[in-house]
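This is my_file-v6.pdb. It holds PDB, C-alpha atoms and all ligand atoms.
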```pdb
ATOM      1  CA  MET T   1     -26.462  51.746  25.493  1.00  0.00           C
ATOM      2  CA  ALA T   2     -27.401  49.104  28.065  1.00  0.00           C
ATOM      3  CA  THR T   3     -28.229  50.664  31.415  1.00  0.00           C
ATOM      4  CA  ASN T   4     -28.038  47.465  33.498  1.00  0.00           C
ATOM      5  CA  ARG T   5     -31.415  48.326  34.989  1.00  0.00           C
ATOM      6  CA  THR T   6     -34.853  46.861  34.590  1.00  0.00           C
ATOM      7  CA  PHE T   7     -38.267  47.625  36.019  1.00  0.00           C
ATOM      8  CA  THR T   8     -40.577  45.054  37.584  1.00  0.00           C
ATOM      9  CA  MET T   9     -43.968  44.758  39.213  1.00  0.00           C
ATOM     10  CA  ILE T  10     -45.245  41.989  41.436  1.00  0.00           C
ATOM     11  CA  LYS T  11     -48.789  41.875  40.074  1.00  0.00           C
ATOM     12  CA  PRO T  12     -52.054  41.786  42.111  1.00  0.00           C
ATOM     13  CA  ASP T  13     -52.458  37.982  41.788  1.00  0.00           C
ATOM     14  CA  ALA T  14     -49.075  37.320  43.406  1.00  0.00           C
ATOM     15  CA  VAL T  15     -49.714  39.910  46.135  1.00  0.00           C
ATOM     16  CA  GLU T  16     -53.107  38.292  46.870  1.00  0.00           C
ATOM     17  CA  ALA T  17     -51.424  34.883  47.088  1.00  0.00           C
ATOM     18  CA  ASN T  18     -48.991  36.283  49.698  1.00  0.00           C
ATOM     19  CA  ASN T  19     -45.962  35.716  47.456  1.00  0.00           C
ATOM     20  CA  ILE T  20     -44.260  39.133  47.707  1.00  0.00           C
ATOM     21  CA  GLY T  21     -41.450  37.854  49.934  1.00  0.00           C
ATOM     22  CA  SER T  22     -40.737  34.693  47.938  1.00  0.00           C
ATOM     23  CA  ILE T  23     -40.687  36.555  44.617  1.00  0.00           C
ATOM     24  CA  LEU T  24     -38.510  39.428  45.861  1.00  0.00           C
ATOM     25  CA  GLY T  25     -36.233  36.767  47.360  1.00  0.00           C
ATOM     26  CA  MET T  26     -35.843  35.054  43.976  1.00  0.00           C
ATOM     27  CA  MET T  27     -34.932  38.386  42.412  1.00  0.00           C
ATOM     28  CA  THR T  28     -32.271  39.274  44.989  1.00  0.00           C
ATOM     29  CA  GLU T  29     -30.950  35.671  45.075  1.00  0.00           C
ATOM     30  CA  ALA T  30     -30.459  35.938  41.311  1.00  0.00           C
ATOM     31  CA  GLY T  31     -28.165  38.924  41.875  1.00  0.00           C
ATOM     32  CA  PHE T  32     -30.507  41.855  41.258  1.00  0.00           C
ATOM     33  CA  ARG T  33     -29.926  44.840  43.536  1.00  0.00           C
ATOM     34  CA  VAL T  34     -32.924  46.910  44.584  1.00  0.00           C
ATOM     35  CA  VAL T  35     -32.549  50.502  43.329  1.00  0.00           C
ATOM     36  CA  ALA T  36     -36.133  51.587  44.128  1.00  0.00           C
ATOM     37  CA  LEU T  37     -39.093  49.836  45.759  1.00  0.00           C
ATOM     38  CA  LYS T  38     -42.749  50.779  46.318  1.00  0.00           C
ATOM     39  CA  TYR T  39     -46.007  49.122  47.474  1.00  0.00           C
ATOM     40  CA  THR T  40     -48.870  50.885  45.732  1.00  0.00           C
ATOM     41  CA  LYS T  41     -52.056  50.433  43.723  1.00  0.00           C
ATOM     42  CA  LEU T  42     -52.759  51.460  40.130  1.00  0.00           C
ATOM     43  CA  SER T  43     -55.994  53.153  39.138  1.00  0.00           C
ATOM     44  CA  GLU T  44     -57.643  51.823  35.955  1.00  0.00           C
ATOM     45  CA  GLU T  45     -56.368  54.923  34.179  1.00  0.00           C
ATOM     46  CA  GLN T  46     -52.788  54.361  35.351  1.00  0.00           C
ATOM     47  CA  ALA T  47     -52.894  50.654  34.444  1.00  0.00           C
ATOM     48  CA  GLY T  48     -54.162  51.591  30.978  1.00  0.00           C
ATOM     49  CA  LYS T  49     -51.392  54.132  30.573  1.00  0.00           C
ATOM     50  CA  PHE T  50     -48.729  51.676  31.720  1.00  0.00           C
ATOM     51  CA  TYR T  51     -49.888  49.035  29.207  1.00  0.00           C
ATOM     52  CA  ASP T  52     -50.844  51.576  26.524  1.00  0.00           C
ATOM     53  CA  ILE T  53     -48.934  49.600  23.873  1.00  0.00           C
ATOM     54  CA  HIS T  54     -51.543  46.806  24.250  1.00  0.00           C
ATOM     55  CA  ARG T  55     -54.574  49.133  23.975  1.00  0.00           C
ATOM     56  CA  ALA T  56     -55.764  47.607  20.690  1.00  0.00           C
ATOM     57  CA  ARG T  57     -55.394  43.975  21.862  1.00  0.00           C
ATOM     58  CA  PRO T  58     -58.515  41.924  22.722  1.00  0.00           C
ATOM     59  CA  PHE T  59     -57.263  41.299  26.275  1.00  0.00           C
ATOM     60  CA  PHE T  60     -56.658  45.003  27.086  1.00  0.00           C
ATOM     61  CA  GLY T  61     -59.822  45.486  29.182  1.00  0.00           C
ATOM     62  CA  GLU T  62     -59.132  42.330  31.161  1.00  0.00           C
ATOM     63  CA  LEU T  63     -55.504  43.398  31.660  1.00  0.00           C
ATOM     64  CA  VAL T  64     -56.462  46.843  33.001  1.00  0.00           C
ATOM     65  CA  GLU T  65     -59.084  45.375  35.330  1.00  0.00           C
ATOM     66  CA  PHE T  66     -56.597  42.821  36.645  1.00  0.00           C
ATOM     67  CA  MET T  67     -53.715  45.243  37.137  1.00  0.00           C
ATOM     68  CA  SER T  68     -55.881  47.733  39.043  1.00  0.00           C
ATOM     69  CA  ARG T  69     -57.799  45.301  41.257  1.00  0.00           C
ATOM     70  CA  GLY T  70     -55.339  45.325  44.146  1.00  0.00           C
ATOM     71  CA  PRO T  71     -51.936  46.531  45.298  1.00  0.00           C
ATOM     72  CA  ILE T  72     -48.721  45.812  43.435  1.00  0.00           C
ATOM     73  CA  VAL T  73     -45.030  46.036  44.284  1.00  0.00           C
ATOM     74  CA  ALA T  74     -43.030  48.179  41.852  1.00  0.00           C
ATOM     75  CA  ALA T  75     -39.232  48.085  41.716  1.00  0.00           C
ATOM     76  CA  ILE T  76     -36.208  49.171  39.734  1.00  0.00           C
ATOM     77  CA  LEU T  77     -33.549  46.457  39.778  1.00  0.00           C
ATOM     78  CA  GLU T  78     -29.896  46.557  38.802  1.00  0.00           C
ATOM     79  CA  LYS T  79     -27.565  43.867  37.490  1.00  0.00           C
ATOM     80  CA  GLU T  80     -25.284  43.392  34.531  1.00  0.00           C
ATOM     81  CA  ASN T  81     -27.378  42.421  31.480  1.00  0.00           C
ATOM     82  CA  ALA T  82     -30.488  43.233  33.534  1.00  0.00           C
ATOM     83  CA  ILE T  83     -33.191  43.159  30.855  1.00  0.00           C
ATOM     84  CA  GLU T  84     -32.294  39.796  29.348  1.00  0.00           C
ATOM     85  CA  ASP T  85     -31.369  38.073  32.621  1.00  0.00           C
ATOM     86  CA  PHE T  86     -34.557  39.266  34.289  1.00  0.00           C
ATOM     87  CA  ARG T  87     -36.772  38.060  31.416  1.00  0.00           C
ATOM     88  CA  LYS T  88     -35.044  34.678  31.798  1.00  0.00           C
ATOM     89  CA  LEU T  89     -35.708  34.672  35.550  1.00  0.00           C
ATOM     90  CA  ILE T  90     -39.423  35.430  35.148  1.00  0.00           C
ATOM     91  CA  GLY T  91     -40.039  33.005  32.249  1.00  0.00           C
ATOM     92  CA  ALA T  92     -42.514  33.041  29.367  1.00  0.00           C
ATOM     93  CA  THR T  93     -45.675  35.180  29.448  1.00  0.00           C
ATOM     94  CA  ASN T  94     -47.778  32.005  29.514  1.00  0.00           C
ATOM     95  CA  PRO T  95     -46.795  29.981  32.621  1.00  0.00           C
ATOM     96  CA  GLU T  96     -47.558  26.755  30.756  1.00  0.00           C
ATOM     97  CA  GLN T  97     -44.646  27.620  28.473  1.00  0.00           C
ATOM     98  CA  ALA T  98     -42.375  28.977  31.209  1.00  0.00           C
ATOM     99  CA  GLU T  99     -39.236  26.999  32.036  1.00  0.00           C
ATOM    100  CA  ALA T 100     -38.977  25.100  35.314  1.00  0.00           C
ATOM    101  CA  GLY T 101     -37.627  27.220  38.148  1.00  0.00           C
ATOM    102  CA  THR T 102     -38.801  30.530  36.690  1.00  0.00           C
ATOM    103  CA  ILE T 103     -40.949  32.907  38.738  1.00  0.00           C
ATOM    104  CA  ARG T 104     -43.935  32.535  36.425  1.00  0.00           C
ATOM    105  CA  LYS T 105     -43.666  28.737  36.381  1.00  0.00           C
ATOM    106  CA  LEU T 106     -43.769  28.774  40.170  1.00  0.00           C
ATOM    107  CA  TYR T 107     -46.256  31.571  40.855  1.00  0.00           C
ATOM    108  CA  ALA T 108     -48.316  32.458  37.755  1.00  0.00           C
ATOM    109  CA  THR T 109     -51.717  30.895  37.236  1.00  0.00           C
ATOM    110  CA  SER T 110     -52.556  31.931  33.648  1.00  0.00           C
ATOM    111  CA  ILE T 111     -51.314  33.981  30.685  1.00  0.00           C
ATOM    112  CA  GLY T 112     -53.277  36.950  32.046  1.00  0.00           C
ATOM    113  CA  GLU T 113     -52.544  36.538  35.751  1.00  0.00           C
ATOM    114  CA  ASN T 114     -48.834  35.899  35.474  1.00  0.00           C
ATOM    115  CA  ALA T 115     -47.455  37.166  38.798  1.00  0.00           C
ATOM    116  CA  VAL T 116     -44.768  39.557  37.560  1.00  0.00           C
ATOM    117  CA  HIS T 117     -43.877  42.150  34.952  1.00  0.00           C
ATOM    118  CA  GLY T 118     -40.437  42.638  33.449  1.00  0.00           C
ATOM    119  CA  SER T 119     -39.343  45.400  31.050  1.00  0.00           C
ATOM    120  CA  ASP T 120     -38.609  44.260  27.500  1.00  0.00           C
ATOM    121  CA  SER T 121     -35.929  46.865  26.626  1.00  0.00           C
ATOM    122  CA  ASP T 122     -33.619  49.470  28.167  1.00  0.00           C
ATOM    123  CA  GLU T 123     -35.816  52.174  26.693  1.00  0.00           C
ATOM    124  CA  ASN T 124     -38.982  50.796  28.282  1.00  0.00           C
ATOM    125  CA  ALA T 125     -37.214  50.126  31.603  1.00  0.00           C
ATOM    126  CA  LYS T 126     -36.449  53.840  31.796  1.00  0.00           C
ATOM    127  CA  ILE T 127     -39.990  54.888  30.817  1.00  0.00           C
ATOM    128  CA  GLU T 128     -41.545  52.425  33.287  1.00  0.00           C
ATOM    129  CA  GLY T 129     -39.183  53.315  36.150  1.00  0.00           C
ATOM    130  CA  ASP T 130     -39.915  57.017  35.578  1.00  0.00           C
ATOM    131  CA  PHE T 131     -43.657  56.233  35.707  1.00  0.00           C
ATOM    132  CA  PHE T 132     -43.327  55.131  39.357  1.00  0.00           C
ATOM    133  CA  PHE T 133     -40.219  56.718  40.860  1.00  0.00           C
ATOM    134  CA  SER T 134     -38.697  60.169  41.264  1.00  0.00           C
ATOM    135  CA  GLU T 135     -34.905  60.582  41.343  1.00  0.00           C
ATOM    136  CA  LEU T 136     -35.103  61.018  45.152  1.00  0.00           C
ATOM    137  CA  GLU T 137     -36.590  57.521  45.498  1.00  0.00           C
ATOM    138  CA  ARG T 138     -33.636  55.759  43.807  1.00  0.00           C
ATOM    139  CA  PHE T 139     -30.582  54.549  45.689  1.00  0.00           C
TER     140      PHE T 139
HETATM  141  P1  LIG A   1     -45.231  41.952  30.995  1.00  0.00           P
HETATM  142  O1  LIG A   1     -45.182  43.109  30.006  1.00  0.00           O
HETATM  143  O2  LIG A   1     -46.342  42.094  32.019  1.00  0.00           O
HETATM  144  O3  LIG A   1     -43.901  41.674  31.614  1.00  0.00           O
HETATM  145  P2  LIG A   1     -44.904  40.106  28.846  1.00  0.00           P
HETATM  146  O4  LIG A   1     -43.916  41.103  28.336  1.00  0.00           O
HETATM  147  O5  LIG A   1     -44.411  38.730  29.116  1.00  0.00           O
HETATM  148  O6  LIG A   1     -45.585  40.629  30.177  1.00  0.00           O
HETATM  149  P3  LIG A   1     -46.816  41.178  27.012  1.00  0.00           P
HETATM  150  O7  LIG A   1     -47.007  40.632  25.653  1.00  0.00           O
HETATM  151  O8  LIG A   1     -46.094  42.465  27.185  1.00  0.00           O
HETATM  152  O9  LIG A   1     -46.134  40.012  27.882  1.00  0.00           O
HETATM  153  O10 LIG A   1     -48.252  41.283  27.686  1.00  0.00           O
HETATM  154  C1  LIG A   1     -48.474  42.113  28.807  1.00  0.00           C
HETATM  155  C2  LIG A   1     -49.392  41.428  29.767  1.00  0.00           C
HETATM  156  O11 LIG A   1     -50.691  41.315  29.171  1.00  0.00           O
HETATM  157  C3  LIG A   1     -49.033  39.982  30.100  1.00  0.00           C
HETATM  158  O12 LIG A   1     -48.049  39.855  31.076  1.00  0.00           O
HETATM  159  C4  LIG A   1     -50.362  39.438  30.566  1.00  0.00           C
HETATM  160  O13 LIG A   1     -50.646  39.863  31.904  1.00  0.00           O
HETATM  161  C5  LIG A   1     -51.329  40.116  29.601  1.00  0.00           C
HETATM  162  N1  LIG A   1     -51.561  39.270  28.436  1.00  0.00           N
HETATM  163  C6  LIG A   1     -50.736  39.059  27.386  1.00  0.00           C
HETATM  164  N2  LIG A   1     -51.264  38.225  26.488  1.00  0.00           N
HETATM  165  C7  LIG A   1     -52.486  37.888  26.974  1.00  0.00           C
HETATM  166  C8  LIG A   1     -53.542  37.042  26.530  1.00  0.00           C
HETATM  167  N3  LIG A   1     -53.464  36.380  25.365  1.00  0.00           N
HETATM  168  N4  LIG A   1     -54.649  36.943  27.300  1.00  0.00           N
HETATM  169  C9  LIG A   1     -54.741  37.623  28.467  1.00  0.00           C
HETATM  170  N5  LIG A   1     -53.784  38.438  28.959  1.00  0.00           N
HETATM  171  C10 LIG A   1     -52.675  38.558  28.231  1.00  0.00           C
HETATM  172 MG    MG A   2     -44.340  43.160  28.102  1.00  0.00          MG
END
```

Produce structure tokens that represent the structure in this file.
Ligand code: ATP
Ligand code: MG
Amino acid sequence: MATNRTFTMIKPDAVEANNIGSILGMMTEAGFRVVALKYTKLSEEQAGKFYDIHRARPFFGELVEFMSRGPIVAAILEKENAIEDFRKLIGATNPEQAEAGTIRKLYATSIGENAVHGSDSDENAKIEGDFFFSELERF
């Protein structure tokens, strides 16, 4: 069953580039309601756990180093058809292939440093949201 919720992170590259406000603005302008929001930093261990599915990939070490090098913004967002609409809003993993007007086209600099995360399924949105937020932190 679709939950109408997704989970996102504004990644360290976009935080470093001072793009938190612009990116959150694109999300809310697109009709996503903020259910939970947090400014925090992942340890290498937490970043590895979050991206555990990619552990065997050649870029895993680089990914963990990147995701733990500075603070991130984590959020649960709500909208009808959240997963699919949010993936459309952020654009392709590689910004060179991302459509014009997408967050990654505007703010990502490479396939590794691609500004934002978006859940790929309802199941993962729940797992990822639970990784960062307690029930008391959701509104
Ligand atoms: P995310 O899960 O962060 O929303 P995605 O679903 O578009 O991204 P995934 O295939 O899940 O893409 O990859 C997770 C992350 O790993 C990417 O967002 C990117 O930061 C990094 N990554 C993926 N492929 C590569 C690659 N070929 N080289 C370097 N980093 C990569
Ligand atoms: Mg992914």

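With all atoms listed in the file as the atoms that count, the residue of T:Ile76, T:Ala108, T:Ala125, T:Ile53 with the shortest distance to Gly91 in chain T is T:Ala108.
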
_Using only C-alpha atoms and all ligand atoms, can you tell me which of T:Ala92, T:Ile23, T:Ala14, T:Ala56 comes closest to ligand LIG 1 (chain A)?_
T:Ala92

*Can you pull out every residue within 12 Å of Glu45 in chain T, counting only C-alpha atoms, but drop anything in the same chain fewer than 2 positions away, and send it as a ChimeraX atom specification?*
/T:41-43,47-52,55,61,63-65,67-68

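Applied to the file shown here, the PyMOL selection byres (((chain T and resi 2-11) around 6) and not hetatm) selects the residues Met1, Pro12, Asp13, Ala14, Ile72, Val73, Ala74, Ala75, Ile76, Leu77, Glu78, Lys79, Glu80, Asn81, Ala82, Ile83, Ala115, Val116, His117, Gly118, Ser119, Ala125 and Gly129 of chain T.
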
*Identify all residues satisfying the PyMOL selection byres (((chain T and resi 36) around 8) and not hetatm) in the given file; provide them as a list in words.*
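Given this file, the PyMOL selection byres (((chain T and resi 36) around 8) and not hetatm) evaluates to Val34, Val35, Leu37, Lys38, Ala75, Ile76, Leu77, Phe133, Glu137, Arg138 and Phe139 of chain T.
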
*Separation of atom O5 of ligand LIG 1 (chain A) and CA of Glu135 in chain T, in Å?*
26.8 Å

*Find, counting only C-alpha atoms and all ligand atoms, the residue in T:Met26, T:Leu106, T:Ile90, T:Ala17 that gets nearest to ligand LIG 1 (chain A).*
T:Ile90

_Using all atoms listed in the file, can you tell me which of T:Tyr39, T:Phe131, T:Tyr107, T:Phe66 comes closest to ligand LIG 1 (chain A)?_
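Smallest separation from ligand LIG 1 (chain A) among the options: T:Phe66.
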
*Give the answer as one residue: which of T:Thr28, T:Asn124, T:Val15, T:Ile111 has the shortest atom-to-atom distance to Glu96 in chain T, using only C-alpha atoms?*
T:Ile111

_Please report the interatomic distance between CA of Asn19 in chain T and CA of Ile103 in chain T in Å with one decimal._
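Going from CA of Asn19 in chain T over to CA of Ile103 in chain T, I get 10.4 Å.
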
_Pairwise distance for CA of Thr40 in chain T and atom O1 of ligand LIG 1 (chain A), rounded to one decimal in Å_ =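 Those two atoms sit 17.9 Å apart.
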
*Rank T:Thr102, T:Thr109, T:Ser22, T:Asn94 by their smallest atom-to-atom distance to ligand MG 2 (chain A), using all atoms listed in the file, and report the top residue only.*
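Going through T:Thr102, T:Thr109, T:Ser22, T:Asn94 one by one, the smallest distance to ligand MG 2 (chain A) is for T:Asn94.
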
Taking all atoms of ligand LIG 1 (chain A) that appear in the file, build a box with edges along x, y and z, extend it by 8 Å on every side, and state its centre and edge lengths in Å to one decimal, as JSON.
```
{"center_x": -49.3, "center_y": 39.7, "center_z": 28.7, "size_x": 26.8, "size_y": 22.7, "size_z": 22.7}
```

Fix up range 109-131 of chain T with N, CA, C and O atoms, then write it as a PDB file, keeping the file's coordinate frame.
```
ATOM      1  N   THR T 109     -50.625  31.857  37.382  1.00  0.00           N
ATOM      2  CA  THR T 109     -51.717  30.895  37.236  1.00  0.00           C
ATOM      3  C   THR T 109     -52.288  30.862  35.820  1.00  0.00           C
ATOM      4  O   THR T 109     -52.942  29.901  35.439  1.00  0.00           O
ATOM      5  N   SER T 110     -52.056  31.901  35.025  1.00  0.00           N
ATOM      6  CA  SER T 110     -52.556  31.931  33.648  1.00  0.00           C
ATOM      7  C   SER T 110     -51.780  32.960  32.847  1.00  0.00           C
ATOM      8  O   SER T 110     -50.993  33.727  33.412  1.00  0.00           O
ATOM      9  N   ILE T 111     -52.017  33.004  31.532  1.00  0.00           N
ATOM     10  CA  ILE T 111     -51.314  33.981  30.685  1.00  0.00           C
ATOM     11  C   ILE T 111     -51.672  35.412  31.094  1.00  0.00           C
ATOM     12  O   ILE T 111     -50.854  36.317  30.976  1.00  0.00           O
ATOM     13  N   GLY T 112     -52.869  35.612  31.604  1.00  0.00           N
ATOM     14  CA  GLY T 112     -53.277  36.950  32.046  1.00  0.00           C
ATOM     15  C   GLY T 112     -52.748  37.259  33.436  1.00  0.00           C
ATOM     16  O   GLY T 112     -52.164  38.315  33.673  1.00  0.00           O
ATOM     17  N   GLU T 113     -52.946  36.325  34.351  1.00  0.00           N
ATOM     18  CA  GLU T 113     -52.544  36.538  35.751  1.00  0.00           C
ATOM     19  C   GLU T 113     -51.202  35.844  35.958  1.00  0.00           C
ATOM     20  O   GLU T 113     -51.132  34.717  36.454  1.00  0.00           O
ATOM     21  N   ASN T 114     -50.148  36.565  35.550  1.00  0.00           N
ATOM     22  CA  ASN T 114     -48.834  35.899  35.474  1.00  0.00           C
ATOM     23  C   ASN T 114     -47.799  36.460  36.450  1.00  0.00           C
ATOM     24  O   ASN T 114     -46.609  36.427  36.179  1.00  0.00           O
ATOM     25  N   ALA T 115     -48.276  36.911  37.587  1.00  0.00           N
ATOM     26  CA  ALA T 115     -47.455  37.166  38.798  1.00  0.00           C
ATOM     27  C   ALA T 115     -46.481  38.343  38.739  1.00  0.00           C
ATOM     28  O   ALA T 115     -46.339  39.054  39.723  1.00  0.00           O
ATOM     29  N   VAL T 116     -45.787  38.511  37.620  1.00  0.00           N
ATOM     30  CA  VAL T 116     -44.768  39.557  37.560  1.00  0.00           C
ATOM     31  C   VAL T 116     -44.697  40.210  36.192  1.00  0.00           C
ATOM     32  O   VAL T 116     -45.054  39.601  35.179  1.00  0.00           O
ATOM     33  N   HIS T 117     -44.200  41.438  36.193  1.00  0.00           N
ATOM     34  CA  HIS T 117     -43.877  42.150  34.952  1.00  0.00           C
ATOM     35  C   HIS T 117     -42.369  42.303  34.872  1.00  0.00           C
ATOM     36  O   HIS T 117     -41.706  42.465  35.890  1.00  0.00           O
ATOM     37  N   GLY T 118     -41.848  42.302  33.667  1.00  0.00           N
ATOM     38  CA  GLY T 118     -40.437  42.638  33.449  1.00  0.00           C
ATOM     39  C   GLY T 118     -40.307  43.462  32.182  1.00  0.00           C
ATOM     40  O   GLY T 118     -40.887  43.115  31.151  1.00  0.00           O
ATOM     41  N   SER T 119     -39.532  44.545  32.230  1.00  0.00           N
ATOM     42  CA  SER T 119     -39.343  45.400  31.050  1.00  0.00           C
ATOM     43  C   SER T 119     -38.750  44.593  29.894  1.00  0.00           C
ATOM     44  O   SER T 119     -37.967  43.671  30.103  1.00  0.00           O
ATOM     45  N   ASP T 120     -39.110  44.999  28.667  1.00  0.00           N
ATOM     46  CA  ASP T 120     -38.609  44.260  27.500  1.00  0.00           C
ATOM     47  C   ASP T 120     -37.458  44.968  26.793  1.00  0.00           C
ATOM     48  O   ASP T 120     -36.931  44.449  25.806  1.00  0.00           O
ATOM     49  N   SER T 121     -37.051  46.156  27.252  1.00  0.00           N
ATOM     50  CA  SER T 121     -35.929  46.865  26.626  1.00  0.00           C
ATOM     51  C   SER T 121     -35.410  47.922  27.600  1.00  0.00           C
ATOM     52  O   SER T 121     -36.114  48.316  28.534  1.00  0.00           O
ATOM     53  N   ASP T 122     -34.180  48.389  27.347  1.00  0.00           N
ATOM     54  CA  ASP T 122     -33.619  49.470  28.167  1.00  0.00           C
ATOM     55  C   ASP T 122     -34.504  50.704  28.103  1.00  0.00           C
ATOM     56  O   ASP T 122     -34.749  51.369  29.115  1.00  0.00           O
ATOM     57  N   GLU T 123     -34.973  50.988  26.895  1.00  0.00           N
ATOM     58  CA  GLU T 123     -35.816  52.174  26.693  1.00  0.00           C
ATOM     59  C   GLU T 123     -37.090  52.081  27.538  1.00  0.00           C
ATOM     60  O   GLU T 123     -37.460  53.028  28.240  1.00  0.00           O
ATOM     61  N   ASN T 124     -37.749  50.940  27.500  1.00  0.00           N
ATOM     62  CA  ASN T 124     -38.982  50.796  28.282  1.00  0.00           C
ATOM     63  C   ASN T 124     -38.704  50.717  29.778  1.00  0.00           C
ATOM     64  O   ASN T 124     -39.517  51.170  30.584  1.00  0.00           O
ATOM     65  N   ALA T 125     -37.566  50.159  30.176  1.00  0.00           N
ATOM     66  CA  ALA T 125     -37.214  50.126  31.603  1.00  0.00           C
ATOM     67  C   ALA T 125     -37.131  51.545  32.145  1.00  0.00           C
ATOM     68  O   ALA T 125     -37.582  51.836  33.255  1.00  0.00           O
ATOM     69  N   LYS T 126     -36.565  52.453  31.358  1.00  0.00           N
ATOM     70  CA  LYS T 126     -36.449  53.840  31.796  1.00  0.00           C
ATOM     71  C   LYS T 126     -37.831  54.495  31.883  1.00  0.00           C
ATOM     72  O   LYS T 126     -38.171  55.131  32.879  1.00  0.00           O
ATOM     73  N   ILE T 127     -38.645  54.303  30.832  1.00  0.00           N
ATOM     74  CA  ILE T 127     -39.990  54.888  30.817  1.00  0.00           C
ATOM     75  C   ILE T 127     -40.802  54.362  32.004  1.00  0.00           C
ATOM     76  O   ILE T 127     -41.463  55.120  32.723  1.00  0.00           O
ATOM     77  N   GLU T 128     -40.739  53.044  32.230  1.00  0.00           N
ATOM     78  CA  GLU T 128     -41.545  52.425  33.287  1.00  0.00           C
ATOM     79  C   GLU T 128     -41.044  52.821  34.676  1.00  0.00           C
ATOM     80  O   GLU T 128     -41.854  53.090  35.583  1.00  0.00           O
ATOM     81  N   GLY T 129     -39.738  52.886  34.868  1.00  0.00           N
ATOM     82  CA  GLY T 129     -39.183  53.315  36.150  1.00  0.00           C
ATOM     83  C   GLY T 129     -39.586  54.753  36.449  1.00  0.00           C
ATOM     84  O   GLY T 129     -39.963  55.087  37.578  1.00  0.00           O
ATOM     85  N   ASP T 130     -39.539  55.601  35.412  1.00  0.00           N
ATOM     86  CA  ASP T 130     -39.915  57.017  35.578  1.00  0.00           C
ATOM     87  C   ASP T 130     -41.405  57.178  35.885  1.00  0.00           C
ATOM     88  O   ASP T 130     -41.822  58.172  36.478  1.00  0.00           O
ATOM     89  N   PHE T 131     -42.207  56.210  35.455  1.00  0.00           N
ATOM     90  CA  PHE T 131     -43.657  56.233  35.707  1.00  0.00           C
ATOM     91  C   PHE T 131     -43.931  56.131  37.216  1.00  0.00           C
ATOM     92  O   PHE T 131     -44.879  56.727  37.722  1.00  0.00           O
TER      93      PHE T 131
END
```
